[in-house]
>>> print(open('final_14.cif').read())   # mmCIF, C-alpha atoms and all ligand atoms
data_query
loop_
_atom_site.label_atom_id
_atom_site.label_comp_id
_atom_site.auth_asym_id
_atom_site.auth_seq_id
_atom_site.Cartn_x
_atom_site.Cartn_y
_atom_site.Cartn_z
CA MET A 336 -1.08 -20.15 9.44
CA ALA A 337 -3.05 -22.25 7.03
CA ARG A 338 -2.20 -21.24 3.50
CA PRO A 339 -4.47 -22.26 0.66
CA PRO A 340 -2.92 -24.16 -2.21
CA PRO A 341 -1.55 -21.55 -4.61
CA LEU A 342 -3.72 -20.95 -7.63
CA ASP A 343 -2.29 -22.47 -10.79
CA ALA A 344 -2.30 -20.54 -14.06
CA ALA A 345 -5.57 -22.11 -15.23
CA ALA A 346 -7.36 -21.25 -11.99
CA GLU A 347 -6.10 -17.68 -12.17
CA GLU A 348 -7.27 -17.40 -15.78
CA ALA A 349 -10.73 -18.64 -14.78
CA LEU A 350 -10.91 -16.10 -11.96
CA LEU A 351 -9.90 -13.29 -14.32
CA LEU A 352 -12.52 -14.29 -16.87
CA ARG A 353 -15.16 -14.11 -14.18
CA ALA A 354 -13.83 -10.78 -12.91
CA ARG A 355 -14.16 -9.27 -16.38
CA GLN A 356 -17.92 -9.82 -16.26
CA GLY A 357 -17.86 -6.95 -13.75
CA GLY A 358 -20.50 -6.14 -11.15
CA ARG A 359 -21.38 -8.94 -8.80
CA ALA A 360 -19.02 -11.41 -10.49
CA ARG A 361 -16.03 -9.14 -9.88
CA GLU A 362 -17.08 -8.69 -6.25
CA GLU A 363 -17.23 -12.47 -5.80
CA VAL A 364 -13.78 -12.89 -7.34
CA VAL A 365 -12.38 -10.31 -4.93
CA VAL A 366 -13.97 -12.12 -2.00
CA GLU A 367 -12.49 -15.43 -3.19
CA LEU A 368 -9.07 -13.82 -3.44
CA PHE A 369 -9.60 -12.37 0.02
CA ARG A 370 -10.37 -15.79 1.48
CA GLY A 371 -7.39 -17.34 -0.25
CA HIS A 372 -4.77 -14.75 0.70
CA ARG A 373 -5.99 -12.95 3.78
CA ALA A 374 -3.82 -14.68 6.39
CA PRO A 375 -0.33 -14.18 4.92
CA LEU A 376 -1.28 -10.72 3.67
CA LEU A 377 -2.50 -9.68 7.10
CA GLY A 378 0.75 -10.88 8.62
CA VAL A 379 2.80 -8.75 6.27
CA CYS A 380 0.46 -5.78 6.77
CA LEU A 381 1.04 -6.12 10.50
CA HIS A 382 4.81 -6.16 10.05
CA LEU A 383 4.68 -3.12 7.77
CA THR A 384 2.30 -1.01 9.84
CA GLY A 385 3.31 -2.23 13.28
CA ASP A 386 -0.26 -1.98 14.46
CA ARG A 387 -3.06 -4.48 14.38
CA ALA A 388 -5.90 -2.09 13.53
CA ASP A 389 -3.76 -0.44 10.83
CA ALA A 390 -2.96 -3.88 9.43
CA GLU A 391 -6.65 -4.73 9.12
CA ASP A 392 -7.31 -1.36 7.45
CA ALA A 393 -4.47 -1.96 5.03
CA LEU A 394 -5.76 -5.42 4.21
CA GLN A 395 -9.20 -4.06 3.38
CA GLU A 396 -7.77 -1.22 1.32
CA ALA A 397 -5.63 -3.67 -0.59
CA PHE A 398 -8.70 -5.63 -1.65
CA LEU A 399 -10.59 -2.47 -2.56
CA SER A 400 -7.64 -1.46 -4.73
CA ALA A 401 -7.57 -4.94 -6.21
CA HIS A 402 -11.26 -4.69 -7.03
CA ARG A 403 -10.67 -1.37 -8.76
CA ALA A 404 -7.58 -2.57 -10.60
CA LEU A 405 -8.78 -6.02 -11.65
CA PRO A 406 -10.27 -4.90 -15.00
CA ALA A 407 -6.88 -3.46 -15.95
CA PHE A 408 -5.01 -6.63 -14.99
CA ARG A 409 -3.52 -8.11 -18.15
CA GLY A 410 -1.74 -11.12 -16.73
CA GLU A 411 1.60 -9.29 -16.68
CA ALA A 412 2.40 -11.14 -13.45
CA ARG A 413 0.92 -13.93 -11.40
CA LEU A 414 -2.32 -12.78 -9.82
CA SER A 415 -0.92 -13.54 -6.36
CA THR A 416 2.26 -11.54 -7.05
CA TRP A 417 0.07 -8.68 -8.21
CA LEU A 418 -1.99 -8.89 -5.00
CA TRP A 419 1.14 -8.86 -2.86
CA ARG A 420 2.35 -5.72 -4.60
CA ILE A 421 -0.97 -4.03 -3.95
CA ALA A 422 -0.98 -5.09 -0.30
CA VAL A 423 2.56 -3.87 0.35
CA ARG A 424 1.72 -0.44 -1.02
CA ALA A 425 -1.56 -0.29 0.88
CA ALA A 426 0.26 -1.09 4.11
CA LEU A 427 2.92 1.56 3.48
CA GLU A 428 0.21 4.13 2.78
CA VAL A 429 -1.77 3.31 5.89
CA ARG A 430 1.35 3.56 8.01
CA GLY A 431 2.27 6.85 6.34
CA ARG A 432 -1.09 8.32 7.31
CA ARG A 433 -0.31 7.88 10.97
CA ARG A 434 0.85 10.98 12.79
CA PRO A 435 4.58 10.75 13.35
CA ALA A 436 4.04 11.42 17.03
CA ALA A 437 1.98 8.28 17.44
CA PRO A 438 4.38 5.81 18.99
CA VAL A 439 4.16 2.24 17.91
CA ASP A 440 3.14 -0.04 20.66
CA PRO A 441 1.97 -3.05 18.79
CA GLU A 442 -0.91 -4.40 20.75
CA LEU A 443 -0.92 -8.02 19.99
CA PRO A 444 -4.09 -9.88 20.75
CA ALA A 445 -3.82 -13.07 22.70
CA PRO A 446 -4.10 -15.83 20.13
CA PRO A 447 -6.31 -18.84 20.90
CA ALA A 448 -3.37 -20.71 22.42
CA GLU A 449 -1.58 -18.19 24.61
CA PRO A 450 2.17 -18.25 23.92
CA PRO A 451 4.58 -17.77 26.76
CA LEU A 452 4.83 -14.18 27.96
CA LEU A 453 8.46 -13.97 26.91
CA ALA A 454 7.69 -14.87 23.29
CA ARG A 455 5.01 -12.19 23.09
CA ASP A 456 7.37 -9.67 24.56
CA GLU A 457 9.98 -10.57 21.96
CA ALA A 458 7.42 -10.30 19.14
CA ARG A 459 6.49 -6.84 20.34
CA ARG A 460 10.10 -5.72 20.57
CA VAL A 461 10.89 -6.96 17.06
CA LEU A 462 7.83 -5.17 15.64
CA ALA A 463 8.85 -1.93 17.34
CA ALA A 464 12.39 -2.31 15.96
CA MET A 465 11.03 -3.02 12.46
CA ASP A 466 9.15 0.25 12.68
CA ARG A 467 12.43 2.16 12.79
CA LEU A 468 13.81 0.62 9.58
CA PRO A 469 13.51 2.10 6.06
CA ALA A 470 10.62 0.73 4.03
CA GLU A 471 12.88 -1.41 1.81
CA HIS A 472 14.17 -3.32 4.82
CA ARG A 473 10.82 -3.66 6.53
CA VAL A 474 9.31 -5.05 3.36
CA VAL A 475 12.02 -7.59 2.62
CA LEU A 476 12.08 -8.86 6.20
CA SER A 477 8.32 -9.29 6.37
CA LEU A 478 8.05 -10.97 2.97
CA PHE A 479 10.74 -13.47 3.89
CA ALA A 480 8.98 -14.13 7.19
CA ALA A 481 5.66 -14.73 5.39
CA GLU A 482 4.85 -18.37 5.12
CA GLY A 483 5.13 -19.92 1.71
CA LEU A 484 6.81 -17.13 -0.24
CA ARG A 485 9.90 -18.26 -2.13
CA HIS A 486 12.74 -15.89 -2.92
CA ARG A 487 11.82 -15.84 -6.64
CA GLU A 488 8.34 -14.65 -5.89
CA ILE A 489 9.69 -12.09 -3.42
CA ALA A 490 12.01 -10.77 -6.13
CA GLU A 491 9.00 -10.46 -8.44
CA ILE A 492 6.90 -8.71 -5.81
CA LEU A 493 9.69 -6.22 -5.18
CA GLY A 494 10.55 -5.92 -8.86
CA VAL A 495 14.25 -6.56 -8.23
CA ALA A 496 16.77 -9.14 -9.41
CA GLU A 497 16.94 -12.41 -7.47
CA GLY A 498 20.43 -11.62 -6.25
CA THR A 499 19.26 -8.28 -4.89
CA VAL A 500 16.73 -9.83 -2.52
CA TRP A 501 19.49 -11.70 -0.70
CA SER A 502 21.76 -8.72 -0.25
CA ARG A 503 18.81 -6.59 0.80
CA LEU A 504 17.66 -9.22 3.28
CA HIS A 505 21.17 -9.41 4.70
CA GLU A 506 21.40 -5.65 5.10
CA ALA A 507 17.92 -5.57 6.64
CA ARG A 508 18.89 -8.26 9.10
CA ARG A 509 21.91 -6.26 10.21
CA ARG A 510 19.80 -3.12 10.63
CA LEU A 511 17.18 -4.99 12.58
CA ALA A 512 19.80 -6.39 14.94
CA ALA A 513 21.17 -2.88 15.40
CA ALA A 514 17.68 -1.51 16.08
CA LEU A 515 17.24 -4.24 18.65
CA GLY A 516 20.55 -3.23 20.18
CA ARG A 517 22.08 -6.62 19.61
CA ARG A 518 25.00 -5.70 17.42
CA MET B 1381 34.60 -16.41 1.07
CA ASP B 1382 34.21 -13.82 3.79
CA CYS B 1383 31.64 -13.84 6.55
CA VAL B 1384 29.18 -11.65 4.66
CA ALA B 1385 28.98 -14.25 1.91
CA PHE B 1386 28.38 -16.94 4.53
CA GLU B 1387 25.73 -14.84 6.23
CA ILE B 1388 23.93 -14.57 2.91
CA ALA B 1389 24.33 -18.33 2.56
CA VAL B 1390 22.68 -18.65 5.98
CA GLU B 1391 19.66 -16.80 4.60
CA GLN B 1392 19.61 -18.93 1.47
CA ARG B 1393 19.71 -22.10 3.52
CA ARG B 1394 16.89 -20.83 5.73
CA HIS B 1395 14.77 -20.36 2.63
CA GLY B 1396 15.69 -23.51 0.78
CA ALA B 1397 17.80 -21.85 -1.88
CA LEU B 1398 21.23 -23.29 -1.09
CA GLY B 1399 22.71 -26.20 -3.06
CA PRO B 1400 24.13 -29.27 -1.26
CA GLU B 1401 27.74 -28.35 -1.87
CA GLU B 1402 27.30 -24.79 -0.62
CA THR B 1403 25.41 -26.15 2.38
CA ARG B 1404 28.38 -28.34 3.32
CA ALA B 1405 30.75 -25.39 2.95
CA LEU B 1406 28.46 -23.28 5.11
CA GLU B 1407 28.26 -25.91 7.81
CA ALA B 1408 32.02 -26.25 7.89
CA HIS B 1409 32.35 -22.48 8.24
CA LEU B 1410 29.66 -22.23 10.92
CA ALA B 1411 31.44 -24.86 13.01
CA GLY B 1412 34.40 -22.51 13.36
CA CYS B 1413 32.84 -19.03 13.16
CA GLU B 1414 31.19 -17.51 16.17
CA ARG B 1415 30.05 -14.44 14.24
CA CYS B 1416 28.14 -16.36 11.59
CA ARG B 1417 26.58 -18.66 14.19
CA ALA B 1418 25.34 -15.56 16.02
CA TYR B 1419 23.95 -14.22 12.76
CA ALA B 1420 22.07 -17.46 12.09
CA GLY B 1421 20.69 -17.52 15.61
CA GLU B 1422 19.59 -13.92 15.41
CA ALA B 1423 17.88 -14.50 12.05
CA ALA B 1424 15.97 -17.49 13.39
CA ARG B 1425 14.97 -15.55 16.49
CA ALA B 1426 13.73 -12.50 14.56
CA ASP B 1427 11.78 -14.61 12.06
CA ALA B 1428 10.17 -16.57 14.88
CA ALA B 1429 9.11 -13.31 16.51
CA LEU B 1430 7.70 -12.00 13.24
CA ALA B 1431 5.85 -15.25 12.63
CA ALA B 1432 4.46 -15.14 16.17
CA SER B 1433 3.14 -11.61 15.78
CA ALA B 1434 1.59 -12.45 12.41
CA GLU B 1435 -0.01 -15.54 13.88
CA ALA B 1436 -1.42 -13.52 16.76
CA ALA B 1437 -2.94 -11.00 14.35
CA VAL B 1438 -4.36 -13.74 12.15
CA GLY B 1439 -5.74 -15.63 15.13
CA GLY B 1440 -7.35 -12.49 16.52
CA ALA B 1441 -8.86 -11.28 13.24
CA ASP B 1442 -12.62 -11.30 12.88
CA TRP B 1443 -12.65 -12.57 9.30
CA ALA B 1444 -16.40 -12.46 8.87
CA ARG B 1445 -16.44 -8.78 9.83
CA LEU B 1446 -13.49 -7.94 7.60
CA GLU B 1447 -14.98 -9.76 4.63
CA ALA B 1448 -18.34 -8.06 5.12
CA SER B 1449 -16.54 -4.73 5.32
CA VAL B 1450 -14.66 -5.37 2.07
CA ARG B 1451 -17.95 -6.26 0.36
CA ARG B 1452 -19.66 -3.18 1.75
CA GLN B 1453 -16.90 -0.87 0.60
CA VAL B 1454 -16.73 -2.44 -2.85
CA ARG B 1455 -20.46 -1.85 -3.26
CA SER B 1456 -20.47 1.64 -1.81
CA GLY B 1457 -17.75 2.61 -4.30
CA ALA B 1458 -20.12 1.79 -7.17
CA ARG B 1459 -23.04 3.54 -5.47
CA ARG B 1460 -20.97 6.65 -4.84
CA VAL B 1461 -20.52 7.29 -8.56
CA VAL B 1462 -24.31 7.32 -9.06
CA PHE B 1463 -24.77 9.45 -5.97
CA ASP B 1464 -22.17 12.00 -7.10
CA LEU B 1465 -23.76 12.33 -10.52
CA ALA B 1466 -27.23 12.72 -9.04
CA THR B 1467 -26.01 15.36 -6.58
CA VAL B 1468 -24.42 17.38 -9.36
CA ALA B 1469 -27.52 17.10 -11.56
CA VAL B 1470 -29.78 18.29 -8.73
CA ALA B 1471 -27.54 20.99 -7.25
CA VAL B 1472 -25.78 22.68 -10.15
CA PRO B 1473 -28.58 24.00 -12.41
CA PRO B 1474 -30.54 25.84 -9.67
CA ALA B 1475 -27.35 27.31 -8.21
CA VAL B 1476 -26.23 28.60 -11.56
CA LEU B 1477 -29.66 29.91 -12.49
CA GLY B 1478 -29.96 31.67 -9.16
CA LEU B 1479 -26.59 33.38 -9.40
CA ALA B 1480 -26.49 34.35 -13.03
CA PRO B 1481 -28.27 37.55 -14.00
CA GLU B 1482 -31.14 37.69 -16.46
CA GLY B 1483 -29.97 37.30 -20.02
CA ARG B 1484 -26.82 35.32 -19.24
CA ARG B 1485 -28.45 32.31 -17.62
CA ALA B 1486 -28.37 30.05 -20.66
CA GLY B 1487 -24.69 30.74 -21.20
CA ALA B 1488 -23.81 30.24 -17.55
CA LEU B 1489 -25.78 26.98 -17.38
CA GLY B 1490 -24.09 25.73 -20.49
CA ALA B 1491 -20.68 26.57 -19.08
CA ALA B 1492 -21.53 24.93 -15.76
CA LEU B 1493 -22.70 21.73 -17.45
CA LEU B 1494 -19.56 21.66 -19.55
CA ALA B 1495 -17.49 22.07 -16.39
CA CYS B 1496 -19.43 19.18 -14.78
CA ALA B 1497 -18.81 16.96 -17.79
CA ALA B 1498 -15.12 17.82 -17.66
CA ALA B 1499 -15.06 17.07 -13.94
CA ALA B 1500 -16.73 13.70 -14.57
CA LEU B 1501 -14.14 12.88 -17.23
CA VAL B 1502 -11.32 13.86 -14.89
CA ARG B 1503 -12.86 11.75 -12.14
CA GLY B 1504 -13.12 8.75 -14.46
CA GLY B 1505 -9.57 9.24 -15.64
CA TYR B 1506 -8.34 9.60 -12.08
CA HIS B 1507 -10.14 6.39 -11.16
CA GLY B 1508 -8.37 4.55 -13.96
CA PHE B 1509 -5.10 6.18 -12.98
CA LEU B 1510 -5.52 4.93 -9.40
CA ALA B 1511 -6.37 1.46 -10.65
CA ARG B 1512 -3.28 1.30 -12.82
CA ARG B 1513 -1.15 2.69 -10.08
CA ALA B 1514 -2.38 0.49 -7.26
CA ARG B 1515 -0.04 -2.35 -8.11
CA GLY B 1516 2.83 -0.30 -9.45
CA LEU B 1517 3.96 -0.97 -12.98
CA ALA B 1518 4.72 -4.59 -13.71
CA GLY B 1519 8.43 -5.29 -13.65
CA GLN B 1520 9.25 -1.98 -11.99
CA GLU B 1521 10.84 -1.84 -8.59
CA LEU B 1522 7.90 -1.54 -6.23
CA LEU B 1523 9.31 0.84 -3.64
CA ALA B 1524 11.01 3.09 -6.17
CA PHE B 1525 7.66 3.28 -7.93
CA HIS B 1526 5.90 4.04 -4.66
CA ARG B 1527 8.28 6.88 -3.87
CA ALA B 1528 8.11 8.27 -7.40
CA ALA B 1529 4.30 8.20 -7.28
CA LEU B 1530 4.27 10.15 -4.02
CA ARG B 1531 6.70 12.71 -5.40
CA ALA B 1532 4.59 13.08 -8.53
CA ASP B 1533 1.51 13.63 -6.34
CA LEU B 1534 3.41 16.28 -4.43
CA ARG B 1535 4.36 18.08 -7.65
CA ARG B 1536 0.79 17.86 -8.92
CA ALA B 1537 -0.62 19.25 -5.68
CA LEU B 1538 1.76 22.20 -5.75
CA ALA B 1539 1.01 22.86 -9.42
CA GLY B 1540 -2.71 22.50 -8.74
CA ARG B 1541 -2.87 25.66 -6.66
CA TRP B 1542 -1.48 27.72 -9.57
CA LEU B 1543 -4.00 26.08 -11.85
CA ALA B 1544 -6.77 27.13 -9.45
CA LEU B 1545 -5.42 30.67 -9.40
CA ALA B 1546 -5.28 30.81 -13.21
CA GLY B 1547 -8.78 29.36 -13.50
CA ALA B 1548 -10.17 31.85 -10.99
CA LEU B 1549 -8.54 34.78 -12.76
CA GLY B 1550 -10.00 33.64 -16.07
CA PHE B 1551 -13.43 33.22 -14.52
CA ALA B 1552 -13.28 36.66 -12.92
CA ALA B 1553 -12.20 38.25 -16.20
CA TRP B 1554 -15.09 36.61 -18.00
CA ALA B 1555 -17.61 37.57 -15.34
CA MET B 1556 -16.47 41.19 -15.13
CA ALA B 1557 -16.78 41.76 -18.85
CA PRO B 1558 -18.30 45.22 -19.45
CA GLY B 1559 -22.02 45.58 -18.91
CA VAL B 1560 -22.56 42.92 -16.24
CA ALA B 1561 -21.65 44.60 -13.01
CA PRO B 1562 -23.88 42.59 -10.62
CA LEU B 1563 -22.33 39.27 -11.58
CA GLY B 1564 -18.88 40.80 -11.33
CA ARG B 1565 -18.89 41.13 -7.57
CA VAL B 1566 -20.37 37.69 -6.97
CA ALA B 1567 -17.95 36.12 -9.40
CA LEU B 1568 -15.01 37.87 -7.80
CA ALA B 1569 -16.08 36.57 -4.40
CA GLU B 1570 -16.53 33.05 -5.77
CA ALA B 1571 -13.18 33.11 -7.51
CA SER B 1572 -11.39 34.35 -4.39
CA LEU B 1573 -13.07 31.68 -2.30
CA LEU B 1574 -12.05 29.00 -4.78
CA VAL B 1575 -8.44 30.13 -4.77
CA ALA B 1576 -8.28 30.53 -1.00
CA GLY B 1577 -9.90 27.13 -0.47
CA THR B 1578 -7.57 25.41 -2.89
CA TRP B 1579 -4.46 27.00 -1.39
CA ILE B 1580 -5.50 26.17 2.16
CA TYR B 1581 -6.28 22.59 1.20
CA VAL B 1582 -3.06 22.10 -0.72
CA LEU B 1583 -0.72 23.75 1.77
CA ALA B 1584 -2.39 22.73 5.04
CA VAL B 1585 -3.67 19.27 4.19
CA ARG B 1586 -2.45 17.67 1.01
CA VAL B 1587 1.23 18.61 1.01
CA PRO B 1588 1.87 17.77 4.68
CA ARG B 1589 0.09 14.45 4.14
CA LEU B 1590 2.29 13.56 1.18
CA ARG B 1591 5.43 14.70 2.98
CA ARG B 1592 4.47 12.49 5.91
CA GLN B 1593 3.98 9.56 3.53
CA LEU B 1594 7.43 10.10 2.05
CA ALA B 1595 9.06 10.54 5.44
CA SER B 1596 7.45 7.36 6.76
CA LEU B 1597 9.30 5.36 4.12
CA GLY B 1598 12.62 6.30 5.65
CA GLU B 1599 15.82 6.78 3.73
CA GLU B 1600 15.98 5.43 0.21
CA ARG B 1601 17.89 2.16 -0.06
CA GLY B 1602 19.27 0.36 -3.05
ZN ZN A 1701 31.76 -16.27 9.52
#
>>> encode(input="final_14.cif", output="structure tokens", more="lines below")
Ligand SMILES: [Zn+2]
Amino acid sequence: MARPPPLDAAAEEALLLRARQGGRAREEVVVELFRGHRAPLLGVCLHLTGDRADAEDALQEAFLSAHRALPAFRGEARLSTWLWRIAVRAALEVRGRRRPAAPVDPELPAPPAEPPLLARDEARRVLAAMDRLPAEHRVVLSLFAAEGLRHREIAEILGVAEGTVWSRLHEARRRLAAALGRR
Amino acid sequence: MDCVAFEIAVEQRRHGALGPEETRALEAHLAGCERCRAYAGEAARADAALAASAEAAVGGADWARLEASVRRQVRSGARRVVFDLATVAVAVPPAVLGLAPEGRRAGALGAALLACAAAALVRGGYHGFLARRARGLAGQELLAFHRAALRADLRRALAGRWLALAGALGFAAWAMAPGVAPLGRVALAEASLLVAGTWIYVLAVRVPRLRRQLASLGEERG
């Protein structure tokens, strides 16, 4: 997954200044943020919803929320951290809208270079097992699996102490193994 | 150190957060501990599977379509405000004038316009509320905030039906004031419809939806 170079503080400030002009300028800022963050955010939305179409819906909703919330953004966090928080909540909401009866059978598209059948099978099984975990564990597992997120940023996204992310990740790992029937 | 501490060290090493000395200690432990080696293998395997599924979704995404859709929805949000206002301006005055009896039309129209203005204020406030809430409060635990927001919505929805009942009763009392019998029946019907509609919406749609949202989060974890 190609990840764009993270925006530094000056670049974020410039984006925010433009967003405050409102109208078309704010729309363009949202589209720029979309282009810069869409891949890792979509990955996490997939892990949190367990479904590809839901993940794409969640991604779009996250950017609509971001567009709405941008004028109120006061630089209380990094812009990217703020976006991650919005995306996590959007994904949880989209998943919560699904009827409980709807079973999760993550339909993974064949990527350009087809991975071995076994790997795809494993990916599907892990996604289905993730779906049975509490939100806290799903979120921490998917954020740690996202490319380029360091534990400090994950702690900020979750709003917990740095030490807490490790213990939560450890607990989540144990639960995932149990859900996979491996422990 | 027990195995749990080493398992956490395994995670820290995987994510580049383990110092050189701790790394040596971990490696020494792993050499002799089957359980921790299994943990490390399982972690690598699960993360690889997660990365593979994310990569598949990213590779299969039609970015141009998604971006166009985000743009379209951003714009339609702005247009909807104008559309809502125009609809209200066109629909409310004739409806009120048609329903209200001779002699009370000016008062009814005034009340209706006031109600519209109040609704617009509430809508604007709700919009701002959603914007502030989208990200959760800075520095607050995200999932605790998410749960608390859903519970607050649930409380508001349940309180909302009583508010509708109180509003309808007030409206009916006003409309049935002595000397205006024709409006009384219409108003009573309108008020009952409003209450019934609100209760059906709250109990059959809104509350189950919020309960489903809460249930989908699973048990609360520290
Ligand atoms: Zn051990």
>>> residues_around(input="final_14.cif", residues="Leu1583 in chain B", least_positions_apart="3", cutoff="12 Å", atoms="all atoms listed in the file", output="PyMOL selection string")
chain B and resi 1534+1537-1541+1575-1580+1586-1591
>>> residues_around(input="final_14.cif", residues="Asp392 in chain A", least_positions_apart="2", cutoff="9 Å", atoms="only C-alpha atoms", output="list in words")
Cys380, Arg387, Ala388, Asp389, Ala390, Leu394, Gln395, Glu396, Ala397, Ala425, Ala426 and Val429 of chain A
>>> interface_residues(input="final_14.cif", of="chain A", to="chain B", cutoff="6 Å", atoms="all atoms listed in the file", output="MDAnalysis selection string")
chainID A and resid 374 378 395 403:404 420:421 431 444 446 458 469:470 480 493:495
>>> residues_near_ligand(input="final_14.cif", ligand="ligand ZN 1701 (chain A)", cutoff="9 Å", atoms="all atoms listed in the file", output="list of chain:residue names")
B:Met1381, B:Asp1382, B:Cys1383, B:Val1384, B:Ala1385, B:Phe1386, B:Glu1387, B:Leu1406, B:His1409, B:Leu1410, B:Gly1412, B:Cys1413, B:Glu1414, B:Arg1415, B:Cys1416, B:Arg1417, B:Tyr1419
>>> closest_residue(input="final_14.cif", among="A:His402, A:Arg373, A:Arg413, A:Arg508", to="Arg359 in chain A", atoms="only C-alpha atoms")
A:His402
>>> atom_distance(input="final_14.cif", atom1="CA of Val364 in chain A", atom2="CA of Ala349 in chain A")
9.9 Å
>>> atom_distance(input="final_14.cif", atom1="CA of Ala1529 in chain B", atom2="CA of Trp419 in chain A")
17.9 Å
>>> residues_near_point(input="final_14.cif", point="(14.9, -11.9, 0.3)", cutoff="6 Å", atoms="all atoms listed in the file", output="list of chain:residue names")
A:Val475, A:Phe479, A:His486, A:Val500, A:Trp501, A:Leu504
>>> residues_around(input="final_14.cif", residues="range 1471-1479 of chain B", least_positions_apart="2", cutoff="9 Å", atoms="only C-alpha atoms", output="count of residues only")
15
>>> atom_distance(input="final_14.cif", atom1="CA of Val474 in chain A", atom2="CA of Val423 in chain A")
7.5 Å
>>> closest_residue(input="final_14.cif", among="A:Arg424, A:His472, A:Arg487, A:Arg409", to="His505 in chain A", atoms="all atoms listed in the file")
A:His472
>>> residues_near_point(input="final_14.cif", point="(15.0, -14.5, -6.9)", cutoff="8 Å", atoms="only C-alpha atoms", output="mmCIF file with C-alpha atoms, in the frame of the given file")
data_model
loop_
_atom_site.group_PDB
_atom_site.id
_atom_site.type_symbol
_atom_site.label_atom_id
_atom_site.label_comp_id
_atom_site.auth_asym_id
_atom_site.auth_seq_id
_atom_site.Cartn_x
_atom_site.Cartn_y
_atom_site.Cartn_z
ATOM 1 C CA ARG A 485 9.900 -18.260 -2.130
ATOM 2 C CA HIS A 486 12.740 -15.890 -2.920
ATOM 3 C CA ARG A 487 11.820 -15.840 -6.640
ATOM 4 C CA GLU A 488 8.340 -14.650 -5.890
ATOM 5 C CA ILE A 489 9.690 -12.090 -3.420
ATOM 6 C CA ALA A 490 12.010 -10.770 -6.130
ATOM 7 C CA GLU A 491 9.000 -10.460 -8.440
ATOM 8 C CA ALA A 496 16.770 -9.140 -9.410
ATOM 9 C CA GLU A 497 16.940 -12.410 -7.470
ATOM 10 C CA GLY A 498 20.430 -11.620 -6.250
ATOM 11 C CA THR A 499 19.260 -8.280 -4.890
ATOM 12 C CA VAL A 500 16.730 -9.830 -2.520
#
>>> closest_residue(input="final_14.cif", among="A:Arg509, A:Arg455, A:Arg433, A:Arg355", to="Ala407 in chain A", atoms="all atoms listed in the file")
A:Arg355
>>> closest_residue(input="final_14.cif", among="A:Ala412, A:Met465, A:Val366, A:Ala514", to="Ala344 in chain A", atoms="all atoms listed in the file")
A:Ala412
